[in-house]
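Here is protein.txt, consisting of compact mmCIF, C-alpha atoms:
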# COMPACT_ATOMS: atom_id res chain seq x y z
CA MET A 1 0.00 0.00 0.00
CA GLN A 2 1.19 3.52 -0.84
CA LEU A 3 0.06 7.01 -0.06
CA ILE A 4 1.00 9.49 -2.75
CA VAL A 5 0.83 13.18 -1.89
CA GLU A 6 1.13 15.63 -4.78
CA LYS A 7 1.75 19.33 -4.32
CA ILE A 8 -0.73 19.87 -1.54
CA ALA A 9 -1.21 23.14 0.29
CA LYS A 10 -3.43 24.23 3.13
CA LEU A 11 -4.62 27.76 3.70
CA TYR A 12 -6.76 29.10 6.53
CA GLY A 13 -8.09 32.31 5.09
CA GLU A 14 -5.00 34.08 3.78
CA ARG A 15 -2.60 32.26 6.08
CA ILE A 16 -0.57 29.56 4.35
CA VAL A 17 -0.06 26.64 6.74
CA PHE A 18 2.10 24.74 4.25
CA SER A 19 2.39 24.63 0.47
CA ASN A 20 3.79 22.58 -2.40
CA LEU A 21 4.20 19.46 -0.32
CA SER A 22 4.86 16.21 -2.20
CA PHE A 23 5.96 12.84 -0.87
CA THR A 24 5.18 9.13 -1.02
CA LEU A 25 4.59 6.94 2.03
CA GLU A 26 4.73 3.16 2.03
CA SER A 27 3.18 0.59 4.32
CA GLY A 28 5.52 -1.19 6.69
CA LYS A 29 7.50 1.98 7.24
CA ILE A 30 7.21 4.38 10.13
CA VAL A 31 6.77 7.91 8.84
CA ILE A 32 7.36 10.90 11.08
CA LEU A 33 5.84 14.31 10.39
CA ALA A 34 8.13 16.77 12.12
CA GLY A 35 8.22 20.53 12.42
CA LYS A 36 8.00 23.35 14.89
CA ASN A 37 4.75 24.27 16.63
CA GLY A 38 2.23 25.69 14.16
CA SER A 39 4.00 24.21 11.13
CA GLY A 40 0.90 22.21 10.21
CA LYS A 41 1.75 18.67 11.40
CA SER A 42 -1.70 18.04 12.85
CA THR A 43 -3.39 19.64 9.83
CA LEU A 44 -1.38 17.45 7.48
CA LEU A 45 -2.23 14.37 9.54
CA LYS A 46 -5.93 15.25 9.31
CA ILE A 47 -5.61 15.69 5.54
CA LEU A 48 -3.87 12.32 5.15
CA ALA A 49 -6.59 10.66 7.27
CA GLY A 50 -9.34 12.22 5.11
CA ILE A 51 -10.76 14.25 8.00
CA THR A 52 -10.16 17.50 6.20
CA ARG A 53 -9.24 18.44 2.64
CA PRO A 54 -6.20 20.22 1.26
CA THR A 55 -6.89 23.64 -0.24
CA VAL A 56 -4.99 22.60 -3.37
CA GLY A 57 -3.23 19.44 -4.49
CA ASP A 58 -4.14 15.81 -4.46
CA LEU A 59 -3.47 12.69 -2.47
CA SER A 60 -4.32 9.10 -3.21
CA TYR A 61 -3.98 5.69 -1.64
CA GLN A 62 -2.90 2.81 -3.86
CA ASP A 63 -3.08 -0.87 -3.00
CA ASP A 64 -0.31 -3.36 -3.79
CA ASN A 65 -1.69 -3.75 -7.34
CA GLY A 66 -1.46 -0.02 -7.98
CA GLN A 67 -5.24 0.44 -7.77
CA LYS A 68 -6.42 3.69 -6.17
CA PHE A 69 -8.79 3.36 -3.23
CA ILE A 70 -10.40 5.48 -0.54
CA PRO A 71 -9.75 3.98 2.90
CA GLN A 72 -12.86 2.97 4.83
CA ASN A 73 -13.40 4.00 8.44
CA LYS A 74 -12.44 0.57 9.72
CA GLN A 75 -9.09 0.75 7.89
CA ILE A 76 -8.08 3.90 9.75
CA GLY A 77 -6.83 4.30 13.32
CA PHE A 78 -6.47 7.84 14.61
CA CYS A 79 -5.30 9.32 17.89
CA SER A 80 -4.81 13.01 18.57
CA PRO A 81 -5.00 15.56 21.39
CA TYR A 82 -8.12 17.18 19.88
CA LEU A 83 -10.06 13.92 19.76
CA ASN A 84 -12.04 12.99 22.85
CA LEU A 85 -13.84 9.85 23.89
CA TYR A 86 -17.09 9.84 25.91
CA LEU A 87 -16.14 10.82 29.45
CA HIS A 88 -19.43 9.62 30.93
CA PHE A 89 -18.82 6.11 29.61
CA SER A 90 -16.33 3.55 30.77
CA LEU A 91 -13.39 2.56 28.60
CA GLU A 92 -15.07 -0.78 27.92
CA GLU A 93 -18.27 0.99 26.79
CA ASN A 94 -16.32 3.41 24.59
CA ILE A 95 -14.36 0.69 22.85
CA ARG A 96 -17.40 -1.51 22.30
CA PHE A 97 -19.46 1.41 20.98
CA PHE A 98 -16.83 2.58 18.50
CA ASN A 99 -16.16 -0.93 17.25
CA LYS A 100 -19.88 -1.50 16.80
CA LEU A 101 -20.02 1.70 14.74
CA ARG A 102 -17.06 0.63 12.62
CA GLY A 103 -18.43 -2.88 12.26
CA THR A 104 -15.15 -4.29 13.53
CA GLU A 105 -14.13 -6.86 16.08
CA TYR A 106 -12.77 -5.64 19.37
CA GLN A 107 -9.29 -7.07 20.08
CA PRO A 108 -9.37 -7.49 23.89
CA ASP A 109 -5.65 -8.23 24.29
CA TRP A 110 -4.92 -4.53 23.67
CA LEU A 111 -6.73 -3.64 26.88
CA GLU A 112 -4.29 -5.71 28.92
CA ARG A 113 -1.30 -4.25 27.09
CA SER A 114 -2.51 -0.70 27.74
CA GLY A 115 -2.35 -1.24 31.50
CA LEU A 116 -5.97 -0.10 31.87
CA LYS A 117 -7.67 -3.46 32.23
CA ASP A 118 -8.30 -3.06 35.97
CA ARG A 119 -9.88 0.34 35.39
CA SER A 120 -11.77 -0.50 32.19
CA TYR A 121 -15.17 -0.30 33.92
CA ASP A 122 -14.47 3.13 35.46
CA LEU A 123 -15.94 6.18 33.76
CA LEU A 124 -13.34 8.05 31.72
CA LYS A 125 -14.10 11.27 33.61
CA ASN A 126 -12.30 9.67 36.56
CA TYR A 127 -9.15 8.97 34.53
CA SER A 128 -5.91 10.95 34.76
CA SER A 129 -4.65 12.69 31.60
CA GLY A 130 -2.12 9.90 31.03
CA MET A 131 -4.80 7.24 31.33
CA LEU A 132 -7.00 9.19 28.90
CA GLN A 133 -4.14 9.24 26.43
CA ARG A 134 -3.84 5.45 26.71
CA ALA A 135 -7.61 5.19 26.17
CA LYS A 136 -7.30 7.30 23.01
CA LEU A 137 -4.51 5.04 21.78
CA LEU A 138 -6.80 2.07 22.36
CA PHE A 139 -9.50 3.82 20.33
CA ALA A 140 -6.99 3.96 17.48
CA VAL A 141 -5.78 0.36 17.57
CA THR A 142 -8.36 -2.09 18.95
CA HIS A 143 -9.83 -2.72 15.48
CA SER A 144 -6.41 -3.50 13.92
CA PRO A 145 -6.43 -0.70 11.32
CA GLU A 146 -4.30 -0.86 8.19
CA ILE A 147 -3.38 2.83 8.43
CA LEU A 148 -2.49 4.30 11.79
CA PHE A 149 -2.26 8.05 12.44
CA LEU A 150 -0.80 9.16 15.76
CA ASP A 151 -0.59 12.83 16.69
CA GLU A 152 1.76 13.47 19.63
CA PRO A 153 1.16 9.90 20.89
CA GLY A 154 3.47 10.22 23.87
CA SER A 155 1.87 13.33 25.36
CA ASN A 156 1.01 12.97 29.07
CA LEU A 157 2.42 9.44 29.16
CA ASP A 158 4.85 8.01 31.70
CA ASP A 159 7.60 5.54 30.79
CA SER A 160 5.29 2.51 30.65
CA GLY A 161 2.86 4.54 28.53
CA ARG A 162 5.66 5.35 26.11
CA GLU A 163 6.52 1.65 25.97
CA PHE A 164 2.89 1.03 25.05
CA VAL A 165 3.23 3.50 22.16
CA ALA A 166 6.42 1.77 21.04
CA GLU A 167 4.62 -1.59 21.13
CA ILE A 168 1.72 -0.24 19.07
CA VAL A 169 4.15 1.05 16.46
CA LYS A 170 6.15 -2.19 16.47
CA ARG A 171 3.05 -4.37 16.02
CA GLN A 172 1.71 -2.15 13.25
CA LYS A 173 5.03 -2.42 11.45
CA GLU A 174 5.08 -6.20 11.86
CA ARG A 175 1.61 -6.33 10.30
CA ASN A 176 2.98 -4.30 7.37
CA GLY A 177 0.52 -1.54 8.18
CA MET A 178 1.06 2.13 7.45
CA ILE A 179 2.12 4.30 10.41
CA ILE A 180 2.24 8.07 10.35
CA ILE A 181 3.26 9.93 13.50
CA ALA A 182 3.20 13.69 14.01
CA THR A 183 5.65 14.56 16.76
CA ASN A 184 8.45 16.77 18.04
CA ASP A 185 9.58 14.23 20.59
CA ASN A 186 13.14 13.08 19.87
CA VAL A 187 12.52 9.54 21.19
CA GLU A 188 9.47 9.12 18.95
CA MET A 189 11.35 10.61 16.00
CA GLU A 190 14.02 7.96 16.40
CA MET A 191 11.42 5.28 15.67
CA GLY A 192 10.89 6.68 12.17
CA ASP A 193 12.10 5.18 8.90
CA GLN A 194 11.20 8.32 6.97
CA ILE A 195 10.85 11.91 8.15
CA VAL A 196 8.73 14.55 6.44
CA ARG A 197 9.78 17.99 7.69
CA LEU A 198 7.35 20.88 7.59
CA ASP A 199 9.73 23.65 8.69
CA MET B 200 -28.43 -2.36 4.91
CA PHE B 201 -28.77 -4.32 8.14
CA ALA B 202 -25.31 -3.14 9.26
CA TRP B 203 -26.32 0.45 8.49
CA ILE B 204 -29.47 0.18 10.64
CA LYS B 205 -27.45 -1.47 13.42
CA GLN B 206 -25.04 1.48 13.40
CA VAL B 207 -27.92 3.99 13.53
CA PHE B 208 -29.34 2.18 16.57
CA SER B 209 -25.87 2.12 18.18
CA ILE B 210 -25.87 5.93 18.07
CA LEU B 211 -29.40 6.01 19.47
CA GLU B 212 -28.47 3.61 22.27
CA LYS B 213 -25.34 5.64 23.08
CA ASP B 214 -27.29 8.91 23.19
CA ILE B 215 -30.06 7.48 25.39
CA ARG B 216 -27.50 6.01 27.78
CA SER B 217 -25.59 9.28 27.82
CA GLU B 218 -28.82 11.22 28.42
CA PHE B 219 -29.79 9.09 31.41
CA ARG B 220 -26.34 9.64 32.92
CA GLN B 221 -26.06 13.37 32.27
CA LYS B 222 -29.74 14.47 32.08
CA TYR B 223 -28.55 16.99 29.53
CA ALA B 224 -31.63 17.56 27.36
CA ILE B 225 -34.54 15.70 28.89
CA SER B 226 -34.69 17.63 32.15
CA GLY B 227 -34.63 20.95 30.26
CA ILE B 228 -37.41 19.92 27.90
CA LEU B 229 -39.66 18.50 30.60
CA MET B 230 -39.09 21.39 33.00
CA PHE B 231 -39.89 23.85 30.24
CA ALA B 232 -43.13 22.03 29.35
CA PHE B 233 -44.11 21.69 33.00
CA VAL B 234 -43.43 25.35 33.87
CA VAL B 235 -45.28 26.71 30.81
CA VAL B 236 -48.38 24.57 31.32
CA ILE B 237 -48.54 25.32 35.06
CA ALA B 238 -47.88 29.06 34.52
CA VAL B 239 -50.59 29.31 31.85
CA SER B 240 -52.95 27.35 34.08
CA PHE B 241 -52.40 29.83 36.95
CA ALA B 242 -52.75 32.79 34.59
CA LEU B 243 -56.10 31.48 33.38
CA SER B 244 -57.27 31.04 37.01
CA GLY B 245 -59.40 28.01 36.28
CA ILE B 246 -60.88 29.32 33.01
CA LYS B 247 -60.87 26.61 30.32
CA PRO B 248 -59.03 27.98 27.26
CA GLY B 249 -61.34 26.27 24.71
CA PRO B 250 -60.26 24.32 21.61
CA ARG B 251 -58.65 27.21 19.71
CA PHE B 252 -56.46 28.54 22.53
CA GLY B 253 -55.97 25.02 23.84
CA ALA B 254 -54.48 23.99 20.49
CA ILE B 255 -52.33 27.14 20.32
CA LEU B 256 -51.01 26.72 23.87
CA PHE B 257 -50.34 23.03 23.32
CA TRP B 258 -48.26 23.52 20.17
CA ILE B 259 -46.45 26.64 21.36
CA THR B 260 -45.35 24.66 24.43
CA VAL B 261 -44.23 21.73 22.27
CA LEU B 262 -42.38 24.08 19.88
CA PHE B 263 -40.40 25.88 22.57
CA ALA B 264 -39.67 22.68 24.47
CA ASP B 265 -38.30 21.25 21.20
CA LEU B 266 -36.18 24.36 20.70
CA ALA B 267 -34.92 24.08 24.27
CA GLY B 268 -33.64 20.54 23.91
CA PHE B 269 -33.31 19.19 20.41
CA ALA B 270 -30.02 20.84 19.49
CA HIS B 271 -28.20 19.29 22.44
CA SER B 272 -27.36 15.94 20.88
CA PHE B 273 -25.29 17.60 18.13
CA ILE B 274 -23.95 20.49 20.21
CA LYS B 275 -22.75 18.12 22.93
CA GLU B 276 -20.63 16.19 20.42
CA GLU B 277 -18.95 19.45 19.39
CA GLU B 278 -18.50 20.87 22.88
CA GLU B 279 -17.07 17.64 24.28
CA GLN B 280 -14.92 17.17 21.14
CA THR B 281 -16.29 13.70 20.49
CA ALA B 282 -17.59 14.53 16.99
CA LEU B 283 -14.25 13.61 15.42
CA ALA B 284 -14.31 10.14 16.98
CA LEU B 285 -17.81 9.60 15.55
CA LYS B 286 -16.71 10.89 12.17
CA LEU B 287 -13.76 8.48 12.10
CA CYS B 288 -15.99 5.48 12.78
CA THR B 289 -19.01 5.82 10.56
CA GLU B 290 -20.60 7.63 7.64
CA PRO B 291 -22.38 10.97 8.17
CA ALA B 292 -25.87 9.65 7.31
CA VAL B 293 -25.63 7.13 10.17
CA ILE B 294 -24.91 9.96 12.60
CA PHE B 295 -27.75 12.08 11.21
CA TRP B 296 -30.36 9.31 11.53
CA GLY B 297 -29.04 8.18 14.91
CA LYS B 298 -29.42 11.73 16.25
CA MET B 299 -32.81 11.98 14.56
CA LEU B 300 -34.03 8.83 16.33
CA PHE B 301 -32.75 10.18 19.63
CA ASN B 302 -34.73 13.38 19.10
CA VAL B 303 -37.80 11.29 18.20
CA PHE B 304 -37.30 9.54 21.53
CA LEU B 305 -37.15 12.93 23.30
CA ALA B 306 -40.23 14.14 21.41
CA THR B 307 -42.15 11.03 22.46
CA VAL B 308 -41.18 11.54 26.11
CA LEU B 309 -42.29 15.18 25.78
CA LEU B 310 -45.67 14.21 24.30
CA VAL B 311 -46.25 11.52 26.93
CA THR B 312 -45.68 14.22 29.55
CA ILE B 313 -47.39 17.20 27.97
CA ILE B 314 -50.64 15.54 26.89
CA PRO B 315 -51.69 14.53 30.46
CA LEU B 316 -50.47 17.92 31.78
CA SER B 317 -52.58 19.71 29.17
CA ILE B 318 -55.63 17.60 30.03
CA ILE B 319 -55.23 18.27 33.77
CA PHE B 320 -54.14 21.92 33.79
CA LEU B 321 -55.48 23.33 30.52
CA GLY B 322 -58.63 21.23 30.39
CA LEU B 323 -58.07 19.90 26.86
CA VAL B 324 -61.01 17.67 25.89
CA THR B 325 -62.01 15.82 22.75
CA ASP B 326 -64.20 12.89 21.77
CA HIS B 327 -61.42 11.62 19.53
CA TRP B 328 -58.41 11.04 21.76
CA LEU B 329 -56.82 8.47 19.48
CA ASP B 330 -57.05 10.90 16.54
CA PHE B 331 -55.61 13.68 18.69
CA ILE B 332 -52.69 11.55 19.88
CA LEU B 333 -51.98 10.18 16.39
CA PHE B 334 -51.93 13.64 14.83
CA ALA B 335 -49.90 15.06 17.72
CA PHE B 336 -47.35 12.29 17.17
CA PHE B 337 -46.98 13.00 13.44
CA ALA B 338 -46.86 16.79 13.86
CA SER B 339 -44.33 16.41 16.67
CA LEU B 340 -42.31 14.10 14.41
CA ALA B 341 -42.35 16.80 11.71
CA MET B 342 -41.06 19.38 14.20
CA THR B 343 -38.40 16.90 15.31
CA VAL B 344 -37.19 16.35 11.74
CA GLY B 345 -37.10 20.12 11.16
CA THR B 346 -35.22 20.92 14.37
CA THR B 347 -32.77 18.02 13.92
CA LEU B 348 -31.90 19.31 10.45
CA ILE B 349 -31.25 22.83 11.78
CA ALA B 350 -29.35 21.45 14.78
CA ALA B 351 -27.08 19.53 12.42
CA ILE B 352 -26.44 22.63 10.31
CA THR B 353 -25.75 24.96 13.24
CA ALA B 354 -23.83 22.58 15.55
CA LYS B 355 -20.40 23.64 14.33
CA ALA B 356 -21.18 27.36 14.11
CA SER B 357 -20.16 29.85 16.76
CA GLY B 358 -23.20 31.31 18.50
CA ARG B 359 -25.05 28.11 17.65
CA GLY B 360 -27.66 28.47 20.43
CA PRO B 361 -29.33 31.65 19.14
CA LEU B 362 -28.66 30.64 15.53
CA PHE B 363 -30.52 27.36 16.07
CA THR B 364 -33.59 29.17 17.42
CA ILE B 365 -33.53 31.88 14.74
CA LEU B 366 -33.21 29.38 11.86
CA SER B 367 -35.66 26.86 13.33
CA PHE B 368 -38.57 29.26 13.63
CA PRO B 369 -39.21 29.85 9.88
CA VAL B 370 -38.53 26.18 9.14
CA LEU B 371 -41.08 25.03 11.73
CA LEU B 372 -43.68 27.72 11.11
CA PRO B 373 -45.57 25.81 8.36
CA VAL B 374 -45.84 22.72 10.61
CA LEU B 375 -46.89 24.86 13.55
CA ILE B 376 -49.70 26.49 11.58
CA VAL B 377 -50.96 23.16 10.20
CA ALA B 378 -50.66 21.49 13.61
CA ILE B 379 -52.65 24.22 15.37
CA LYS B 380 -55.33 24.18 12.67
CA ALA B 381 -55.79 20.40 12.72
CA THR B 382 -55.61 20.13 16.52
CA TYR B 383 -58.22 22.88 16.87
CA ALA B 384 -60.47 20.93 14.51
CA ILE B 385 -59.95 17.64 16.38
CA LEU B 386 -60.57 19.33 19.75
CA SER B 387 -63.75 20.85 18.24
CA GLY B 388 -65.10 17.38 17.36
CA ASN B 389 -63.62 16.53 13.93
CA THR B 390 -61.97 13.19 13.28
CA LEU B 391 -58.48 12.72 11.86
CA MET B 392 -59.99 11.54 8.56
CA GLU B 393 -61.64 14.94 8.22
CA GLN B 394 -58.20 16.53 8.67
CA LEU B 395 -56.55 14.27 6.11
CA ASN B 396 -55.07 17.19 4.16
CA GLU B 397 -53.23 18.43 7.25
CA LEU B 398 -52.01 14.91 8.01
CA ILE B 399 -50.74 14.48 4.45
CA THR B 400 -49.03 17.89 4.65
CA VAL B 401 -47.29 16.90 7.87
CA ILE B 402 -46.18 13.50 6.51
CA SER B 403 -44.92 15.16 3.29
CA TYR B 404 -42.96 17.64 5.40
CA ILE B 405 -41.37 14.76 7.34
CA MET B 406 -40.33 12.99 4.14
CA LEU B 407 -39.04 16.16 2.48
CA LYS B 408 -36.99 17.38 5.44
CA GLY B 409 -35.73 13.86 6.13
CA ALA B 410 -34.51 13.54 2.53
CA ILE B 411 -32.90 17.01 2.63
CA GLY B 412 -31.16 16.15 5.89
CA HIS B 413 -29.93 12.83 4.54
CA LEU B 414 -28.47 14.50 1.44
CA LEU B 415 -27.12 17.68 3.05
CA PHE B 416 -25.68 16.38 6.28
CA GLU B 417 -22.58 14.90 4.67
CA GLN B 418 -21.69 18.33 3.22
CA VAL B 419 -22.34 20.07 6.53
CA TRP B 420 -20.31 17.49 8.43
CA GLN B 421 -17.46 17.58 5.91
CA ASP B 422 -17.30 21.29 5.16
CA ALA B 423 -17.39 22.40 8.76
CA SER B 424 -14.17 20.53 9.48
CA LYS B 425 -12.25 22.14 6.60

Represent the structure contained in this file as C-alpha cells.
Amino acid sequence: MQLIVEKIAKLYGERIVFSNLSFTLESGKIVILAGKNGSGKSTLLKILAGITRPTVGDLSYQDDNGQKFIPQNKQIGFCSPYLNLYLHFSLEENIRFFNKLRGTEYQPDWLERSGLKDRSYDLLKNYSSGMLQRAKLLFAVTHSPEILFLDEPGSNLDDSGREFVAEIVKRQKERNGMIIIATNDNVEMEMGDQIVRLD
Amino acid sequence: MFAWIKQVFSILEKDIRSEFRQKYAISGILMFAFVVVIAVSFALSGIKPGPRFGAILFWITVLFADLAGFAHSFIKEEEEQTALALKLCTEPAVIFWGKMLFNVFLATVLLVTIIPLSIIFLGLVTDHWLDFILFAFFASLAMTVGTTLIAAITAKASGRGPLFTILSFPVLLPVLIVAIKATYAILSGNTLMEQLNELITVISYIMLKGAIGHLLFEQVWQDASK
C-alpha cells in the first residue's frame, strides 16, 4: 500500500499553513511528520486521514496492485490531542461502541497491554490525563487498522505509557501496516524510517 | 443495509444512555413544558381555554420545548470534542439518523408528559383522543425532523444556540400552523380523517426534510471541518 501526496497546500483564510508538499509513504515503514509548533503537522495528519481536505493538491492511496482506493473507516486508526472519547462512559463501553459503529471486532488483548484493564469499567471522567491518552490510543488500535495516524502519541504518558506507544508502532510495522506519526519528541522521532519535515 | 441500521441504533443507544447519565436535554425539555403549562394554568385562574387557545397553547409549548432541547445531541458532540471520533468510525448519514431517532425519543417523552399535563391543567377535551394523539405524534415528528436538520447545520457554528432558534422558527412555522389548525379541529369534534389534508401535509414535510437532511448532512459534516 502507498500514499502518494502531490503538491498539496493548506490555507486558513490568507494564512498559508504549508504549500507545495509532495511525498510518497509506504506501508511497513514508520513515517514521522516533524516541524515546529504551528507548522501544520496536525493539519497534514488530518488531511492524510481524510478528515479535512487540502486547499490545493491531491493525495491518493494505492493498493499493492497499484489500484487507487479510498480507505474505509475501519481501515483507519487515529489518535490526537483534539479527539475525545465519551467521558461519561467507561473505557469498555467506549471501545465496544466505536467498534460497533465501525463494524469491527474488538481485540481485547490490547486492553491488557494498555495497563488499563483493571480500570476498564471506570468512567473516563475519573481517569488521569495519562490514562485518557492510553484510552485514546486504544480507540486507534483495537480494530487492527491498516493505516495508523498518531498525533503526539506520547503526550502525558509516563515511561510505561511510552513503551505502550512503542509496542503499538512495532506491532503495526510487523503487520505491514502504514504508520504516520506527528511529533516533536526526539525519542518518537528515532522510531521513524522516513521523516517529512514541515519547517 | 442491516449493518447500516445497526449502526444507527448504536448511536441512538449511546445517546439514550448518555442522556440518562447526564440528564442533559430531557430535564430541560420537561421542565420547560411543566413550567409553561402550570404558569398558563395559573394565569387562566381556572378558566378553560377552549379548543382554539388550547391547540395554540399546546403547540407553542411543544415548539419551545423542542427548541430548548433538540439541538443538544449535536452540540454536545462538538462541545465535548467527540464529533471527530464519531466521524472516524461511521458515515455521516448514520450519525444524522441516529441523532434523529434520539430526538424522536425525546419528542415522544415530551408528548407523553405534555398531553396529560394539558388535560389536567389546561382542560383539553375531545371525543377523539386516538385521533388527537396520532396527529400530535406525526406533527411532533415533523417538528423533530425540522429541528434536527437545523441542529445539524448549526452545531459547528459559533453562537449556535441563538442561531438554532432563529433558523428553526421559519422552518417550523408551516408545521406549527398546520398542527394548530388540525388540533383545533380535532378538539372541536372533527376526526383525523376529516383533517386528512393536514395529516398528508405533515407527513410530506417529514419525508421532504428527512430527505434534505440525509443528502445535506454529509456536506455540513465535511465542510465544517475544513

Considering only C-alpha atoms, extract the chain B residues located within 12 Å of chain A and return them as a PyMOL selection string.
-> chain B and resi 201-214+216-223+275-291+293-294+297+418+420-425

Quick one, how far is atom CA of Met230 of chain B from atom CA of Pro369 of chain B?
->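 Interatomic distance here is 24.6 Å.
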
Work out where the centre of an axis-aligned box around every listed atom of segment 416-421 of chain B lies and how long its edges are once 4 Å is added on each side; give both in Å to one decimal as AutoDock Vina command-line options.
--center_x -21.6 --center_y 17.5 --center_z 5.8 --size_x 16.2 --size_y 13.2 --size_z 13.2

From A:Gly192, A:Gly130, A:Pro81, A:Gly38, residue lying nearest Lys173 of chain A [all atoms listed in the file] |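 Once distances to Lys173 of chain A are computed over all atoms listed in the file, the minimum belongs to A:Gly192.
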
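Interatomic distance, atom CA of Glu146 of chain A against atom CA of Arg96 of chain A: 19.3 Å.
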
Within 8 Å of Gln107 of chain A, counting all atoms listed in the file, which residues qualify if same-chain residues fewer than 4 places away don't, as a ChimeraX atom specification?
-> /A:142-144

Of the candidates B:Ile385, B:Ile228, B:Ile365, B:Met406, which shows the shortest atom-to-atom distance to Leu310 of chain B, using all atoms listed in the file?
->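 Once distances to Leu310 of chain B are computed over all atoms listed in the file, the minimum belongs to B:Ile228.
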
Provide the atom CA of Arg197 of chain A to atom CA of Gly35 of chain A distance in Å, to one decimal place.
->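 It comes out at 5.6 Å.
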
Would you list the residues near (5.2, 29.2, 9.6), meaning any protein, DNA or RNA residue with an atom at most 10 Å from that point in file coordinates, counting all atoms listed in the file, as a PDB file with C-alpha atoms, keeping the file's coordinate frame?
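Written file, result13.pdb:
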ATOM      1  CA  ARG A  15      -2.600  32.260   6.080  1.00  0.00           C
ATOM      2  CA  ILE A  16      -0.570  29.560   4.350  1.00  0.00           C
ATOM      3  CA  VAL A  17      -0.060  26.640   6.740  1.00  0.00           C
ATOM      4  CA  PHE A  18       2.100  24.740   4.250  1.00  0.00           C
ATOM      5  CA  GLY A  35       8.220  20.530  12.420  1.00  0.00           C
ATOM      6  CA  LYS A  36       8.000  23.350  14.890  1.00  0.00           C
ATOM      7  CA  ASN A  37       4.750  24.270  16.630  1.00  0.00           C
ATOM      8  CA  GLY A  38       2.230  25.690  14.160  1.00  0.00           C
ATOM      9  CA  SER A  39       4.000  24.210  11.130  1.00  0.00           C
ATOM     10  CA  GLY A  40       0.900  22.210  10.210  1.00  0.00           C
ATOM     11  CA  LEU A 198       7.350  20.880   7.590  1.00  0.00           C
ATOM     12  CA  ASP A 199       9.730  23.650   8.690  1.00  0.00           C
TER      13      ASP A 199
END

For Pro373 of chain B, which residue out of B:Phe416, B:Phe301, B:Trp328, B:Tyr404 is the nearest one, using all atoms listed in the file?
->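 Once distances to Pro373 of chain B are computed over all atoms listed in the file, the minimum belongs to B:Tyr404.
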
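Counting all atoms listed in the file and comparing B:Leu316, B:Ala354, B:Ile402, B:Met200, the residue that lies closest to Val235 of chain B is B:Leu316.
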
Go ahead and find all residues with at least one atom no further than 12 Å from (-48.0, 14.5, 16.5) in the file's coordinates, using all atoms listed in the file; report them as a PyMOL selection string.
-> chain B and resi 257-258+261-262+303+306-307+309-311+313-314+329-344+374-375+377-379+381-382+391+397-398+401-402+405

Exercise: Gly249 of chain B partners within 10 Å, only C-alpha atoms, chain neighbours under 6 positions left out, as a list in words |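 Returned residues: Leu321, Gly322, Leu323, Val324, Tyr383, Leu386 and Ser387 of chain B.
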
Pick from B:Gly388, B:Gly412, B:Pro248, B:Pro315: nearest to Phe233 of chain B, with only C-alpha atoms counted?
->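 Looking at the shortest contact to Phe233 of chain B, the residue is B:Pro315.
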
Counting all atoms listed in the file, the option among B:Lys408, B:Lys355, B:Lys247, B:Lys298 closest to Ser317 of chain B =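 Nearest candidate to Ser317 of chain B out of B:Lys408, B:Lys355, B:Lys247, B:Lys298: B:Lys247.
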
Can you patch up segment 95-106 of chain A, filling it in to N, CA and C atoms, and show the result as an mmCIF file, keeping the file's coordinate frame?
data_model
loop_
_atom_site.group_PDB
_atom_site.id
_atom_site.type_symbol
_atom_site.label_atom_id
_atom_site.label_comp_id
_atom_site.auth_asym_id
_atom_site.auth_seq_id
_atom_site.Cartn_x
_atom_site.Cartn_y
_atom_site.Cartn_z
ATOM 1 N N ILE A 95 -14.975 1.558 23.864
ATOM 2 C CA ILE A 95 -14.360 0.690 22.850
ATOM 3 C C ILE A 95 -15.420 -0.151 22.132
ATOM 4 N N ARG A 96 -16.348 -0.692 22.910
ATOM 5 C CA ARG A 96 -17.400 -1.510 22.300
ATOM 6 C C ARG A 96 -18.267 -0.670 21.353
ATOM 7 N N PHE A 97 -18.619 0.538 21.806
ATOM 8 C CA PHE A 97 -19.460 1.410 20.980
ATOM 9 C C PHE A 97 -18.768 1.746 19.650
ATOM 10 N N PHE A 98 -17.516 2.166 19.731
ATOM 11 C CA PHE A 98 -16.830 2.580 18.500
ATOM 12 C C PHE A 98 -16.589 1.392 17.563
ATOM 13 N N ASN A 99 -16.334 0.238 18.121
ATOM 14 C CA ASN A 99 -16.160 -0.930 17.250
ATOM 15 C C ASN A 99 -17.472 -1.361 16.616
ATOM 16 N N LYS A 100 -18.564 -1.197 17.368
ATOM 17 C CA LYS A 100 -19.880 -1.500 16.800
ATOM 18 C C LYS A 100 -20.160 -0.548 15.629
ATOM 19 N N LEU A 101 -19.812 0.712 15.813
ATOM 20 C CA LEU A 101 -20.020 1.700 14.740
ATOM 21 C C LEU A 101 -19.180 1.374 13.509
ATOM 22 N N ARG A 102 -17.954 0.947 13.744
ATOM 23 C CA ARG A 102 -17.060 0.630 12.620
ATOM 24 C C ARG A 102 -17.423 -0.704 11.964
ATOM 25 N N GLY A 103 -18.144 -1.532 12.740
ATOM 26 C CA GLY A 103 -18.430 -2.880 12.260
ATOM 27 C C GLY A 103 -17.201 -3.753 12.337
ATOM 28 N N THR A 104 -16.385 -3.516 13.372
ATOM 29 C CA THR A 104 -15.150 -4.290 13.530
ATOM 30 C C THR A 104 -15.159 -5.096 14.818
ATOM 31 N N GLU A 105 -14.270 -6.032 14.877
ATOM 32 C CA GLU A 105 -14.130 -6.860 16.080
ATOM 33 C C GLU A 105 -13.211 -6.161 17.066
ATOM 34 N N TYR A 106 -13.545 -6.244 18.299
ATOM 35 C CA TYR A 106 -12.770 -5.640 19.370
ATOM 36 C C TYR A 106 -11.678 -6.630 19.794
#
